[in-house]
Each structure stands twice: as structure tokens, then as C-alpha cells.
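*Asks:* Contents of upload_12.cif (mmCIF, C-alpha atoms) are below:
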```
data_model
loop_
_atom_site.label_atom_id
_atom_site.label_comp_id
_atom_site.auth_asym_id
_atom_site.auth_seq_id
_atom_site.Cartn_x
_atom_site.Cartn_y
_atom_site.Cartn_z
CA MET Q 676 -6.00 -31.10 -32.99
CA ASN Q 677 -6.91 -31.08 -29.32
CA SER Q 678 -5.73 -34.17 -27.47
CA GLU Q 679 -8.61 -34.08 -24.98
CA SER Q 680 -11.51 -36.49 -25.40
CA LEU Q 681 -14.69 -35.09 -26.85
CA GLU Q 682 -16.52 -36.70 -23.94
CA GLU Q 683 -14.52 -34.51 -21.51
CA ILE Q 684 -14.36 -31.16 -23.23
CA ASN Q 685 -14.96 -27.79 -21.63
CA ALA Q 686 -18.10 -25.72 -22.01
CA PRO Q 687 -16.45 -22.29 -22.42
CA GLU Q 688 -19.69 -20.38 -22.86
CA ALA Q 689 -20.49 -21.06 -19.22
CA GLY Q 690 -17.23 -19.48 -18.10
CA ASP Q 691 -16.38 -22.67 -16.25
CA THR Q 692 -13.20 -24.60 -16.96
CA ALA Q 693 -14.29 -27.74 -15.10
CA PRO Q 694 -14.67 -30.73 -17.45
CA TYR Q 695 -18.15 -31.15 -18.87
CA ILE Q 696 -18.71 -34.90 -18.76
CA GLY Q 697 -21.15 -36.28 -21.32
CA TRP Q 698 -23.38 -34.18 -23.50
CA GLU Q 699 -26.93 -33.92 -24.83
CA ARG Q 700 -26.54 -31.13 -27.37
CA ARG Q 701 -23.61 -29.10 -28.57
CA ALA Q 702 -22.35 -26.66 -31.16
CA VAL Q 703 -18.83 -27.68 -32.13
CA ILE Q 704 -16.76 -24.76 -33.42
CA ASP Q 705 -13.67 -25.50 -35.50
CA LEU Q 706 -11.29 -22.63 -34.78
CA SER Q 707 -8.90 -23.78 -37.50
CA ALA Q 708 -11.69 -23.05 -39.99
CA ILE Q 709 -11.92 -19.48 -38.67
CA ARG Q 710 -8.18 -18.98 -39.20
CA SER Q 711 -8.32 -20.58 -42.63
CA ASN Q 712 -11.21 -18.35 -43.72
CA VAL Q 713 -9.34 -15.23 -42.65
CA LYS Q 714 -6.23 -16.29 -44.54
CA GLN Q 715 -8.28 -17.08 -47.64
CA VAL Q 716 -9.80 -13.60 -47.62
CA MET Q 717 -6.47 -11.94 -46.84
CA ASP Q 718 -5.05 -13.44 -50.01
CA LEU Q 719 -8.04 -12.12 -51.94
CA VAL Q 720 -8.05 -8.53 -50.67
CA ALA Q 721 -4.37 -7.76 -50.04
CA PRO Q 722 -3.09 -5.17 -49.38
CA ALA Q 723 -6.39 -4.25 -47.69
CA LYS Q 724 -6.67 -5.21 -44.02
CA VAL Q 725 -9.32 -7.60 -42.73
CA MET Q 726 -11.73 -6.64 -39.96
CA ALA Q 727 -13.26 -9.76 -38.39
CA VAL Q 728 -16.85 -8.96 -37.42
CA VAL Q 729 -17.81 -10.79 -34.21
CA LYS Q 730 -21.04 -9.02 -33.29
CA ALA Q 731 -23.95 -11.10 -31.92
CA ASP Q 732 -21.52 -13.33 -29.99
CA GLY Q 733 -19.56 -14.08 -33.11
CA TYR Q 734 -22.68 -14.93 -35.14
CA GLY Q 735 -23.46 -17.50 -32.45
CA HIS Q 736 -19.98 -19.05 -32.54
CA GLY Q 737 -18.53 -17.26 -29.49
CA ALA Q 738 -17.14 -13.75 -29.86
CA VAL Q 739 -14.03 -14.09 -27.71
CA GLN Q 740 -12.90 -17.41 -29.16
CA VAL Q 741 -13.60 -16.34 -32.74
CA ALA Q 742 -11.88 -12.98 -32.30
CA LYS Q 743 -8.73 -14.62 -30.96
CA ALA Q 744 -8.69 -17.19 -33.77
CA ALA Q 745 -9.30 -14.51 -36.40
CA LEU Q 746 -6.41 -12.42 -35.11
CA GLU Q 747 -4.20 -15.51 -35.14
CA GLY Q 748 -5.26 -16.02 -38.75
CA GLY Q 749 -4.13 -12.53 -39.69
CA ALA Q 750 -7.11 -10.23 -39.13
CA ARG Q 751 -5.95 -6.77 -38.05
CA TRP Q 752 -9.22 -5.36 -36.72
CA ILE Q 753 -12.25 -6.65 -34.81
CA GLY Q 754 -15.72 -5.24 -35.46
CA CYS Q 755 -18.75 -5.17 -33.14
CA ALA Q 756 -22.16 -3.59 -33.34
CA HIS Q 757 -22.33 -2.44 -29.72
CA VAL Q 758 -19.77 -0.87 -27.41
CA ALA Q 759 -20.77 -3.41 -24.75
CA GLU Q 760 -19.61 -6.19 -27.09
CA ALA Q 761 -16.29 -4.43 -27.66
CA LEU Q 762 -15.74 -3.83 -23.94
CA ALA Q 763 -16.29 -7.54 -23.27
CA LEU Q 764 -13.53 -8.32 -25.77
CA ARG Q 765 -11.20 -5.87 -24.05
CA ASP Q 766 -12.02 -7.53 -20.71
CA ALA Q 767 -11.07 -10.87 -22.30
CA GLY Q 768 -7.61 -9.52 -23.08
CA ILE Q 769 -8.05 -8.64 -26.76
CA GLU Q 770 -5.85 -5.63 -27.50
CA ALA Q 771 -6.33 -5.38 -31.26
CA PRO Q 772 -8.03 -2.33 -32.80
CA LEU Q 773 -11.80 -2.48 -32.25
CA LEU Q 774 -14.66 -0.63 -33.91
CA ALA Q 775 -18.24 -0.36 -32.61
CA TRP Q 776 -20.87 1.47 -34.63
CA LEU Q 777 -24.43 1.03 -33.31
CA HIS Q 778 -25.20 3.40 -30.45
CA THR Q 779 -27.99 4.84 -28.33
CA ASN Q 780 -27.93 7.77 -25.94
CA ASP Q 781 -27.11 5.27 -23.16
CA THR Q 782 -24.00 3.87 -24.87
CA PRO Q 783 -21.02 4.04 -22.44
CA PHE Q 784 -18.90 6.29 -24.64
CA GLU Q 785 -16.53 7.25 -21.81
CA LYS Q 786 -15.64 3.61 -21.17
CA ALA Q 787 -15.24 3.01 -24.90
CA ILE Q 788 -12.84 5.91 -25.36
CA SER Q 789 -10.84 4.94 -22.28
CA ALA Q 790 -10.59 1.38 -23.63
CA GLY Q 791 -9.26 2.57 -26.98
CA ILE Q 792 -12.34 1.53 -28.96
CA ASP Q 793 -12.95 3.33 -32.26
CA LEU Q 794 -16.49 4.60 -32.68
CA GLY Q 795 -18.70 4.84 -35.74
CA VAL Q 796 -20.51 8.18 -35.93
CA SER Q 797 -23.78 8.74 -37.75
CA GLY Q 798 -24.40 12.35 -36.71
CA TRP Q 799 -26.62 12.65 -33.64
CA ASP Q 800 -24.03 10.77 -31.56
CA LEU Q 801 -21.12 13.11 -32.32
CA ASP Q 802 -21.90 15.59 -29.52
CA LEU Q 803 -22.21 12.79 -26.94
CA ILE Q 804 -18.89 11.30 -28.03
CA ALA Q 805 -17.16 14.69 -27.88
CA ALA Q 806 -18.55 15.27 -24.37
CA ALA Q 807 -17.35 11.83 -23.29
CA ALA Q 808 -13.89 12.53 -24.70
CA GLN Q 809 -13.74 15.77 -22.75
CA ALA Q 810 -14.82 13.97 -19.57
CA VAL Q 811 -12.06 11.35 -19.80
CA GLN Q 812 -9.50 13.78 -21.24
CA THR Q 813 -8.79 11.44 -24.16
CA PRO Q 814 -9.50 12.16 -27.82
CA ALA Q 815 -11.99 9.77 -29.42
CA ARG Q 816 -11.08 7.98 -32.63
CA ILE Q 817 -14.09 8.09 -34.93
CA HIS Q 818 -15.18 6.73 -38.31
CA LEU Q 819 -17.81 8.86 -40.02
CA LYS Q 820 -20.64 6.72 -41.38
CA VAL Q 821 -22.55 7.82 -44.43
CA ASP Q 822 -25.83 6.26 -45.57
CA THR Q 823 -25.28 5.56 -49.25
CA GLY Q 824 -28.62 3.84 -49.75
CA LEU Q 825 -29.25 1.15 -47.12
CA GLY Q 826 -31.48 3.48 -45.13
CA ARG Q 827 -30.34 2.38 -41.68
CA ASN Q 828 -27.55 4.00 -39.67
CA GLY Q 829 -25.33 6.74 -41.01
CA SER Q 830 -25.67 10.35 -42.05
CA THR Q 831 -27.68 11.10 -45.17
CA MET Q 832 -25.71 12.51 -48.05
CA ALA Q 833 -27.59 15.78 -47.58
CA ASP Q 834 -26.51 16.06 -43.94
CA PHE Q 835 -22.98 14.75 -44.43
CA PRO Q 836 -21.31 18.14 -45.13
CA GLY Q 837 -22.70 19.42 -41.83
CA LEU Q 838 -21.42 16.36 -39.98
CA ILE Q 839 -17.98 16.87 -41.47
CA GLU Q 840 -17.98 20.51 -40.38
CA ARG Q 841 -18.97 19.62 -36.80
CA ALA Q 842 -16.36 16.85 -36.66
CA ALA Q 843 -13.69 19.28 -37.89
CA LYS Q 844 -14.57 21.70 -35.10
CA TYR Q 845 -14.28 19.03 -32.43
CA GLN Q 846 -11.02 17.77 -33.94
CA SER Q 847 -9.57 21.28 -33.82
CA GLU Q 848 -10.47 21.35 -30.12
CA GLY Q 849 -8.56 18.13 -29.53
CA LEU Q 850 -11.65 16.11 -28.57
CA LEU Q 851 -11.54 13.61 -31.40
CA ARG Q 852 -9.75 12.45 -34.50
CA VAL Q 853 -11.50 11.42 -37.69
CA VAL Q 854 -9.60 8.31 -38.81
CA GLY Q 855 -12.10 6.63 -41.13
CA VAL Q 856 -15.18 6.88 -43.27
CA PHE Q 857 -17.49 3.94 -43.97
CA SER Q 858 -20.83 2.77 -45.27
CA HIS Q 859 -22.77 -0.45 -45.75
CA LEU Q 860 -23.97 -2.10 -48.95
CA ALA Q 861 -27.58 -3.20 -49.29
CA VAL Q 862 -27.62 -5.75 -52.13
CA ALA Q 863 -24.04 -6.93 -52.61
CA ASP Q 864 -25.30 -10.50 -52.19
CA GLU Q 865 -27.15 -10.00 -55.49
CA PRO Q 866 -24.20 -9.01 -57.71
CA ASP Q 867 -26.25 -8.15 -60.79
CA ARG Q 868 -28.31 -5.44 -59.13
CA PRO Q 869 -27.41 -1.86 -60.10
CA GLU Q 870 -27.92 -0.38 -56.63
CA THR Q 871 -24.41 -1.39 -55.56
CA ASP Q 872 -22.85 0.80 -58.23
CA ILE Q 873 -25.08 3.68 -57.15
CA GLN Q 874 -23.99 3.22 -53.53
CA LEU Q 875 -20.33 3.05 -54.47
CA ALA Q 876 -20.60 6.29 -56.42
CA ALA Q 877 -22.16 7.95 -53.38
CA PHE Q 878 -19.40 6.55 -51.16
CA ASP Q 879 -16.73 7.97 -53.48
CA GLU Q 880 -18.45 11.34 -53.24
CA ALA Q 881 -18.49 11.13 -49.44
CA ILE Q 882 -14.79 10.23 -49.37
CA ASP Q 883 -14.00 13.24 -51.55
CA MET Q 884 -15.87 15.49 -49.13
CA VAL Q 885 -14.00 14.14 -46.10
CA GLU Q 886 -10.62 14.41 -47.78
CA ALA Q 887 -11.38 17.93 -49.02
CA ALA Q 888 -12.02 18.92 -45.41
CA GLY Q 889 -8.41 18.02 -44.63
CA PHE Q 890 -8.86 14.89 -42.55
CA ASP Q 891 -5.97 12.43 -42.67
CA LEU Q 892 -7.88 9.19 -43.10
CA GLU Q 893 -6.37 5.86 -42.11
CA MET Q 894 -9.07 3.80 -43.78
CA ARG Q 895 -12.15 3.75 -45.92
CA HIS Q 896 -14.36 0.67 -45.65
CA ILE Q 897 -17.60 -0.46 -47.25
CA ALA Q 898 -17.05 -4.10 -48.31
CA ASN Q 899 -19.01 -6.80 -46.49
CA THR Q 900 -18.55 -10.51 -47.25
CA PRO Q 901 -20.47 -10.53 -50.57
CA ALA Q 902 -18.60 -7.46 -51.78
CA ILE Q 903 -15.30 -8.95 -50.63
CA LEU Q 904 -15.96 -11.98 -52.82
CA SER Q 905 -17.49 -10.29 -55.87
CA ARG Q 906 -16.38 -6.63 -56.01
CA PRO Q 907 -12.62 -5.99 -55.75
CA ASP Q 908 -13.32 -2.30 -56.35
CA THR Q 909 -14.90 -2.09 -52.88
CA HIS Q 910 -11.89 -3.26 -50.86
CA HIS Q 911 -10.20 0.12 -50.17
CA GLU Q 912 -7.88 -0.02 -47.12
CA MET Q 913 -10.03 -2.45 -45.14
CA VAL Q 914 -12.85 -4.97 -45.59
CA ARG Q 915 -15.36 -6.15 -42.98
CA LEU Q 916 -15.51 -9.95 -42.96
CA GLY Q 917 -18.73 -11.17 -41.35
CA LEU Q 918 -20.50 -14.22 -42.75
CA GLY Q 919 -17.44 -15.44 -44.62
CA LEU Q 920 -15.46 -15.51 -41.36
CA TYR Q 921 -17.68 -18.39 -40.29
CA GLY Q 922 -17.29 -20.21 -43.59
CA LEU Q 923 -20.71 -19.50 -45.05
CA SER Q 924 -21.62 -18.24 -48.51
CA PRO Q 925 -23.69 -15.07 -48.97
CA PHE Q 926 -24.75 -16.05 -52.47
CA GLU Q 927 -27.84 -18.12 -53.23
CA GLY Q 928 -26.90 -21.41 -54.86
CA GLU Q 929 -23.16 -21.04 -54.32
CA SER Q 930 -21.25 -23.25 -51.89
CA PRO Q 931 -18.69 -21.70 -49.53
CA ALA Q 932 -16.18 -24.16 -51.01
CA THR Q 933 -16.39 -22.15 -54.24
CA TYR Q 934 -14.49 -19.41 -52.39
CA GLY Q 935 -12.25 -21.68 -50.34
CA LEU Q 936 -14.28 -21.12 -47.17
CA ARG Q 937 -14.89 -23.79 -44.50
CA PRO Q 938 -18.01 -23.76 -42.29
CA ALA Q 939 -16.94 -23.55 -38.65
CA MET Q 940 -20.04 -24.75 -36.79
CA ARG Q 941 -21.40 -28.28 -36.43
CA LEU Q 942 -24.69 -28.47 -34.49
CA MET Q 943 -25.61 -31.83 -33.05
CA THR Q 944 -27.49 -33.70 -30.36
CA LYS Q 945 -28.42 -37.31 -29.54
CA VAL Q 946 -31.62 -39.22 -30.34
CA ALA Q 947 -33.76 -39.28 -27.19
CA ASN Q 948 -36.48 -41.75 -28.20
CA VAL Q 949 -37.45 -44.08 -31.05
CA LYS Q 950 -40.87 -45.68 -31.46
CA LYS Q 951 -42.90 -47.50 -34.06
CA VAL Q 952 -46.20 -45.87 -35.02
CA THR Q 953 -49.08 -46.70 -37.30
CA LEU Q 954 -50.49 -45.04 -40.40
CA GLY Q 955 -52.15 -41.72 -39.54
CA GLN Q 956 -50.17 -40.98 -36.39
CA GLY Q 957 -50.25 -37.24 -35.69
CA VAL Q 958 -46.94 -35.52 -35.03
CA SER Q 959 -46.37 -32.52 -32.75
CA TYR Q 960 -48.50 -29.49 -31.94
CA GLY Q 961 -51.38 -28.75 -34.25
CA LEU Q 962 -51.18 -32.24 -35.76
CA ARG Q 963 -50.18 -30.62 -39.03
CA TYR Q 964 -48.52 -33.83 -40.10
CA GLN Q 965 -49.83 -37.39 -40.01
CA THR Q 966 -47.75 -40.39 -40.97
CA THR Q 967 -48.53 -41.83 -44.39
CA ALA Q 968 -47.55 -45.39 -43.47
CA GLU Q 969 -46.35 -47.47 -40.55
CA THR Q 970 -42.96 -46.02 -39.60
CA TYR Q 971 -40.48 -45.26 -36.84
CA LEU Q 972 -40.35 -41.78 -35.36
CA ALA Q 973 -37.27 -40.47 -33.57
CA LEU Q 974 -37.33 -37.71 -30.98
CA VAL Q 975 -34.51 -35.16 -31.30
CA PRO Q 976 -34.02 -33.08 -28.12
CA MET Q 977 -33.51 -29.68 -29.75
CA GLY Q 978 -36.21 -27.14 -30.48
CA TYR Q 979 -36.85 -23.46 -30.91
CA ALA Q 980 -35.55 -22.68 -27.40
CA ASP Q 981 -32.22 -24.01 -28.69
CA GLY Q 982 -32.48 -21.81 -31.77
CA LEU Q 983 -34.03 -24.11 -34.35
CA PRO Q 984 -36.60 -22.21 -36.44
CA ARG Q 985 -40.08 -23.35 -35.38
CA VAL Q 986 -41.30 -23.31 -38.98
CA ALA Q 987 -38.50 -25.48 -40.42
CA THR Q 988 -40.65 -28.52 -41.13
CA GLY Q 989 -38.88 -30.77 -43.58
CA ALA Q 990 -35.41 -29.66 -42.53
CA PRO Q 991 -32.75 -32.39 -42.56
CA VAL Q 992 -31.25 -34.28 -39.62
CA THR Q 993 -28.44 -36.74 -40.27
CA ILE Q 994 -28.09 -39.95 -38.24
CA ASN Q 995 -25.72 -42.82 -38.95
CA GLY Q 996 -24.74 -41.21 -42.25
CA LYS Q 997 -28.28 -40.86 -43.59
CA THR Q 998 -30.51 -37.80 -43.69
CA TYR Q 999 -34.11 -37.80 -42.42
CA PRO Q 1000 -36.77 -35.05 -42.53
CA VAL Q 1001 -38.21 -33.16 -39.59
CA ARG Q 1002 -41.94 -33.88 -39.43
CA GLY Q 1003 -44.55 -31.69 -37.78
CA THR Q 1004 -44.06 -28.43 -35.93
CA ILE Q 1005 -40.74 -27.94 -34.16
CA ALA Q 1006 -41.47 -27.55 -30.44
CA MET Q 1007 -39.66 -25.58 -27.75
CA ASP Q 1008 -37.32 -28.37 -26.70
CA GLN Q 1009 -37.61 -31.04 -29.36
CA CYS Q 1010 -38.55 -32.07 -32.85
CA VAL Q 1011 -39.52 -35.34 -34.53
CA ILE Q 1012 -37.99 -37.01 -37.55
CA ASP Q 1013 -39.33 -39.87 -39.65
CA LEU Q 1014 -36.88 -42.78 -39.93
CA GLY Q 1015 -39.05 -44.93 -42.18
CA PRO Q 1016 -40.23 -48.49 -41.55
CA ASP Q 1017 -37.07 -50.46 -42.26
CA ILE Q 1018 -34.68 -49.61 -39.44
CA ASN Q 1019 -33.32 -51.24 -36.31
CA PRO Q 1020 -34.38 -48.90 -33.48
CA ASN Q 1021 -31.47 -50.06 -31.34
CA GLU Q 1022 -29.09 -48.47 -33.85
CA PHE Q 1023 -30.75 -45.08 -33.42
CA LEU Q 1024 -31.53 -44.61 -29.73
CA GLY Q 1025 -28.68 -42.51 -28.33
CA ALA Q 1026 -27.07 -42.06 -31.73
CA GLU Q 1027 -25.59 -38.70 -32.74
CA ALA Q 1028 -28.02 -36.54 -34.68
CA ILE Q 1029 -26.34 -33.85 -36.80
CA ILE Q 1030 -28.59 -30.84 -37.32
CA PHE Q 1031 -26.12 -29.21 -39.71
CA GLY Q 1032 -22.41 -29.05 -40.35
CA GLU Q 1033 -19.70 -31.57 -41.07
CA GLY Q 1034 -21.13 -35.03 -41.62
CA GLY Q 1035 -24.60 -33.62 -42.18
CA GLU Q 1036 -26.41 -31.11 -44.35
CA SER Q 1037 -25.50 -27.43 -44.63
CA VAL Q 1038 -26.80 -24.52 -42.59
CA THR Q 1039 -28.33 -23.22 -45.80
CA THR Q 1040 -30.65 -26.23 -46.09
CA TRP Q 1041 -32.09 -25.35 -42.71
CA ALA Q 1042 -32.39 -21.72 -43.80
CA HIS Q 1043 -34.34 -22.77 -46.90
CA ALA Q 1044 -36.69 -24.93 -44.80
CA ALA Q 1045 -37.38 -21.91 -42.56
CA ASN Q 1046 -37.59 -19.40 -45.44
CA THR Q 1047 -34.73 -17.40 -43.96
CA ILE Q 1048 -30.97 -16.95 -44.45
CA ASN Q 1049 -27.96 -18.83 -43.10
CA TYR Q 1050 -26.90 -15.74 -41.09
CA GLU Q 1051 -30.02 -16.08 -38.95
CA VAL Q 1052 -29.78 -19.83 -38.38
CA VAL Q 1053 -26.30 -19.78 -36.83
CA THR Q 1054 -26.81 -16.51 -34.95
CA ARG Q 1055 -29.97 -17.68 -33.20
CA ILE Q 1056 -28.44 -20.84 -31.65
CA SER Q 1057 -29.34 -20.46 -27.98
CA PRO Q 1058 -26.91 -20.04 -25.06
CA ARG Q 1059 -28.30 -23.26 -23.58
CA VAL Q 1060 -26.48 -25.14 -26.35
CA PRO Q 1061 -22.88 -25.49 -25.11
CA ARG Q 1062 -20.16 -24.39 -27.50
CA PHE Q 1063 -17.19 -26.72 -27.79
CA TYR Q 1064 -13.99 -25.58 -29.47
CA VAL Q 1065 -11.80 -27.89 -31.51
CA GLU Q 1066 -8.93 -27.67 -33.96
CA GLY Q 1067 -9.49 -29.43 -37.26
CA THR Q 1068 -12.36 -31.61 -38.35
CA TRP Q 1069 -14.57 -33.50 -35.97
CA GLY Q 1070 -13.51 -36.76 -37.58
CA GLU Q 1071 -9.90 -36.12 -36.56
CA ALA Q 1072 -10.91 -35.69 -32.93
CA GLY Q 1073 -11.99 -39.22 -32.21
CA GLU Q 1074 -14.14 -40.23 -29.30
#
```
Spell out the structure here as C-alpha cells.
*Replies:*
Amino acid sequence: MNSESLEEINAPEAGDTAPYIGWERRAVIDLSAIRSNVKQVMDLVAPAKVMAVVKADGYGHGAVQVAKAALEGGARWIGCAHVAEALALRDAGIEAPLLAWLHTNDTPFEKAISAGIDLGVSGWDLDLIAAAAQAVQTPARIHLKVDTGLGRNGSTMADFPGLIERAAKYQSEGLLRVVGVFSHLAVADEPDRPETDIQLAAFDEAIDMVEAAGFDLEMRHIANTPAILSRPDTHHEMVRLGLGLYGLSPFEGESPATYGLRPAMRLMTKVANVKKVTLGQGVSYGLRYQTTAETYLALVPMGYADGLPRVATGAPVTINGKTYPVRGTIAMDQCVIDLGPDINPNEFLGAEAIIFGEGGESVTTWAHAANTINYEVVTRISPRVPRFYVEGTWGEAGE
């Protein structure tokens, strides 16, 4: 556990190592949970390798810090959506194998190839990557992506033979090397649906086509977190660990603890105001809520500009070990919770308010209140919320 006081902890997201004294809101990231989650999955999928997916700034947790912790935990690869994300990791000193797979015609392929970043290829991008490889006089390492049913990126099955043929031509010219083939599952978080089996059959067919063309593949990968946890037949040589890396469950009604996963983020702030109001007091914009009795309202200084879903009325906030509901519309910078009539306001003003995480309710409860998924709730936490990195539980840190 860090020996530094939590009142004098750095704000790494700002790129400033000067002590940040005091705090109003923070997302506390337990890096030991990241390592633990990687090790838990490694035990499950061995001998397959683990790719830690840190796109979208590490699902809001901090891409650089999470990537380093994941590698320390045993991950062998790091995955990003965009080349720009992967280049930022290289700039931060991360030398592990990296894969980026979502491109446009403005993607800096030359920089990616020079930085040793593997590239996912859907079809249209192959010519640009080959041209970039020729420009930097370095063969590109590519993973052919096939669309087995998700309908997003990747070559269709109908076009895949043509993509293989074009890739073979470029490989014979020394411009690239096909090292992998991959796809993405659409409904693995609903294990009883038949579409996953259909996708896996298509993926097997695509693998057969690539191998028949003579490519010496290093890896085949299709398993996301739900498939990692529920479909051992999807693991192949590598799995892509996204949501589970951050200690969250992809399955409705199932706790991450069921799979030995530990949530890494704790989002919290401090109560900014407490006041007693009468029956019928309107709360927040639109006055969509009125108090049903005399009560105390607390002002929590986090809102949708900090990443809280505006529609999450009724979501839980935990103060002094007890959970209270958000009332009224969540505003840009703040929301209001109802403490009830029987409290001592002096015990609440300035008290820690846990939005979710250790000591409070789960991310998933906020997702349910907003009619969304836990992926979105953590990923949307705004950059104006400082990230603080600790080792071990918050309770061990002291104050």
C-alpha cells in the first residue's frame, strides 16, 4: 500500500507530479485489483495469452497506469481501438506488443509501423498500410479481421477470400506479415443465445481459409470478457480482456466476485451543502421531483459534466455507511440526495459521498438507474475528475 497520505496524493491525469492538496471529487483506482484480475483470468485461460484492452483511456481508469499494472500482472499484449492511443502508450515507455484495430484514412499508419504496433485490417485499409510500410521501409504486422456477425468492422465472409489474396501479395513483396486473424462476438454476454455458436463456426471457417493460404499465424483471437468467462472454446492463443480487467461483470445479475474479479474504481466526492426543507419542495431542473415530507437535502458536487448519467434519478450515494437516493434531475455539476428527516446535518456537511465502489454501491446499480451498462458508466467519467492511484483497498490507506 502507498505510504503517502490520501490528502497529499498526486493527480496523474494532469501530468503534474506536484502534490494535490485536498480534494473535492476523485476516482480512486486500485492498481492491485487490475493485477489481480489479470492473474485470475490467466489461470482461467492458460495457455492462452491475455491482451489487456485499455482503449478509451483504460475504460476511464487511465490507460498508461492500467497498462503498466496489467503487464505487471502477467498480461502479454495491450489492445487499443485507435493508433493514437497505442502511440501514447509507446511514448509512456510501454514496450509490450500492441494492437490497434479501428482506423480511418487519416490514421498515422507510418508512425504505427515505425513504433512496432500491430494493426487490425478490415479490407479497405490494407492498401494504405502497405503504402505506409513501403514509405518507412518496415514490414507491417497485421491481424486480418473478419466480420462473423457483429456487423461493424471487419471483412465480410464473402469478401474475405479476396482480402486474403491481397494480403498474400503484399506479404510476398515484403511489405507486411499476416500474424493473426480475429473477430468480435456480439452476444457473448447472453450465453444462451445461439448466435455465438454461429459466429464461432464462421470464425473457424475464416481461420481455415487463412491457414490454407499458407500464412504462419501467431494467434487467433475472438474472446472478449464474457466469452473468456463462459466459453472456453473461444480462447484460442489469446483472449482480449476488457471489462473484466477493471473488475466488472458482463453478465446481468452476476457479481464480479462470482469470477474472482475485484472492481478497481471508487468514485467519490464530498457533501457541499445540507439543508432542511418542507413538504413539496421541488428539486432540480424541471421540478420533476417534490419532497413528500419535511426532510434534509444534501448537495453532491458531481453531475453530468463529471460523467454521471443525467437520467440516473434514484441512483445510490453512500454517506457515513448508509445509502441515499438521488432525487430530481442530475445537473451539470451537481445532484441532490434525500437524507430523510432524522439526521444531524453537522455529520453530513463535508462528509465523503461514495458514488460507487468500495464502501458504496456497485457501478451496475448506477447503470440500472440510467438504463445503460456498467461499461458506459466508468468510461464516461470526465477528465475533470482527478484519478488517484493506490495499492490495495481504500480502507488500508488511512487518512
*Asks:* Which is closest to Q:Asp1013 among Q:Arg765, Q:Arg1055, Q:Lys951, Q:Arg985, if we use all atoms listed in the file?
*Replies:*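 The closest residue to Q:Asp1013 is Q:Lys951.
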*Asks:* Could you state which residues are captured by the PyMOL selection byres ((chain Q and resi 941) around 7) in this file, as number ranges by chain?
*Replies:* Q: 702-704, 939-940, 942-943, 1031-1033
*Asks:* Show me the residues around (-22.4, -12.5, -35.7) - criterion: an atom at most 12 Å away, all atoms listed in the file counted - as an NGL selection string.
*Replies:* :Q and (727-739 or 741-742 or 753-757 or 760 or 915-921 or 923 or 1049-1056)
*Asks:* May I ask which of the residues Q:Tyr964, Q:Ala863, Q:Glu1027, Q:Pro991 is the closest one to Q:Gly1003, counting only C-alpha atoms?
*Replies:*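 The closest residue to Q:Gly1003 is Q:Tyr964.
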*Asks:* In Å to one decimal, how far is atom CA of Q:Gly824 from atom CA of Q:Gly889?
*Replies:*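 For atom CA of Q:Gly889 relative to atom CA of Q:Gly824, the distance reads 25.2 Å.
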*Asks:* What is the atom CA of Q:Phe857 to atom CA of Q:His818 distance in Å?
*Replies:*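 Rounded to one decimal, the two atoms are 6.7 Å apart.
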*Asks:* Is it possible to get the residues within 7 Å of (-15.7, 8.0, -49.3) (coordinates as in the file, counting all atoms listed in the file) written as number ranges by chain?
*Replies:* Q: 856-857, 878-883, 895
*Asks:* Would you translate the PyMOL selection byres ((chain Q and resi 831-848) around 12) into the concrete set of residues it matches in this file, as a PyMOL selection string?
*Replies:* chain Q and resi 796-806+808-809+812-830+849-856+858+874+876-891
*Asks:* Compile the contact shell of Q:Phe926 as number ranges by chain: residues with an atom at most 12 Å away, counting only C-alpha atoms, same-chain residues fewer than 2 positions apart removed.
*Replies:* Q: 862-867, 900-905, 918-919, 923-924, 928-934, 1039, 1048-1050
*Asks:* Residue by residue, what does the PyMOL selection byres ((chain Q and resi 1059-1066) around 6) grab here? Present the result as a ChimeraX atom specification.
*Replies:* /Q:676,686,701-707,1057-1058,1067
*Asks:* Please measure the separation of atom CA of Q:Gly697 and atom CA of Q:Leu1024, giving the value in Å to one decimal.
*Replies:*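 Between atom CA of Q:Gly697 and atom CA of Q:Leu1024 the gap works out to 15.7 Å.
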*Asks:* Which of these, Q:Arg1002, Q:Lys997, Q:Arg700, Q:His911, has the shortest distance to Q:Gly961 once you count only C-alpha atoms?
*Replies:*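 Between Q:Arg1002, Q:Lys997, Q:Arg700, Q:His911, the residue approaching Q:Gly961 most closely is Q:Arg1002.
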*Asks:* Which centre and edge lengths in Å to one decimal define the box along x, y and z that fits every listed atom of stretch 934-948 of chain Q plus 8 Å per side, as lines of an AutoDock Vina configuration file?
*Replies:*
```
center_x = -24.4
center_y = -30.6
center_z = -39.8
size_x = 40.2
size_y = 38.3
size_z = 41.2
```
*Asks:* Set the distance at 6 Å and use only C-alpha atoms: which residues neighbour Q:Ala990 once local chain neighbours fewer than 4 positions away are removed? I'd like the list as a tab-separated table (two decimals) with C-alpha atoms, keeping the file's coordinate frame.
*Replies:*
```tsv
chain	number	residue	atom	x	y	z
Q	1000	PRO	CA	-36.77	-35.05	-42.53
Q	1001	VAL	CA	-38.21	-33.16	-39.59
Q	1041	TRP	CA	-32.09	-25.35	-42.71
Q	1044	ALA	CA	-36.69	-24.93	-44.80
```
*Asks:* Here is a test: counting all atoms listed in the file, which residue of Q:Asp793, Q:His910, Q:Ala723, Q:Lys786 is nearest to Q:Ala810?
*Replies:*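 So, comparing all the options, the nearest one is Q:Lys786.
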*Asks:* Find, counting only C-alpha atoms, the residue in Q:Ala771, Q:Val914, Q:Leu892, Q:Ala1006 that gets nearest to Q:Glu747.
*Replies:*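 Among the listed residues, the smallest separation from Q:Glu747 belongs to Q:Ala771.
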*Asks:* Can you pull out the residues contacting Q:Gln715? Cut-off 10 Å, using all atoms listed in the file, and skip same-chain residues under 2 positions away; I want them as a ChimeraX atom specification.
*Replies:* /Q:709-713,717-720,748,919-920,934-937
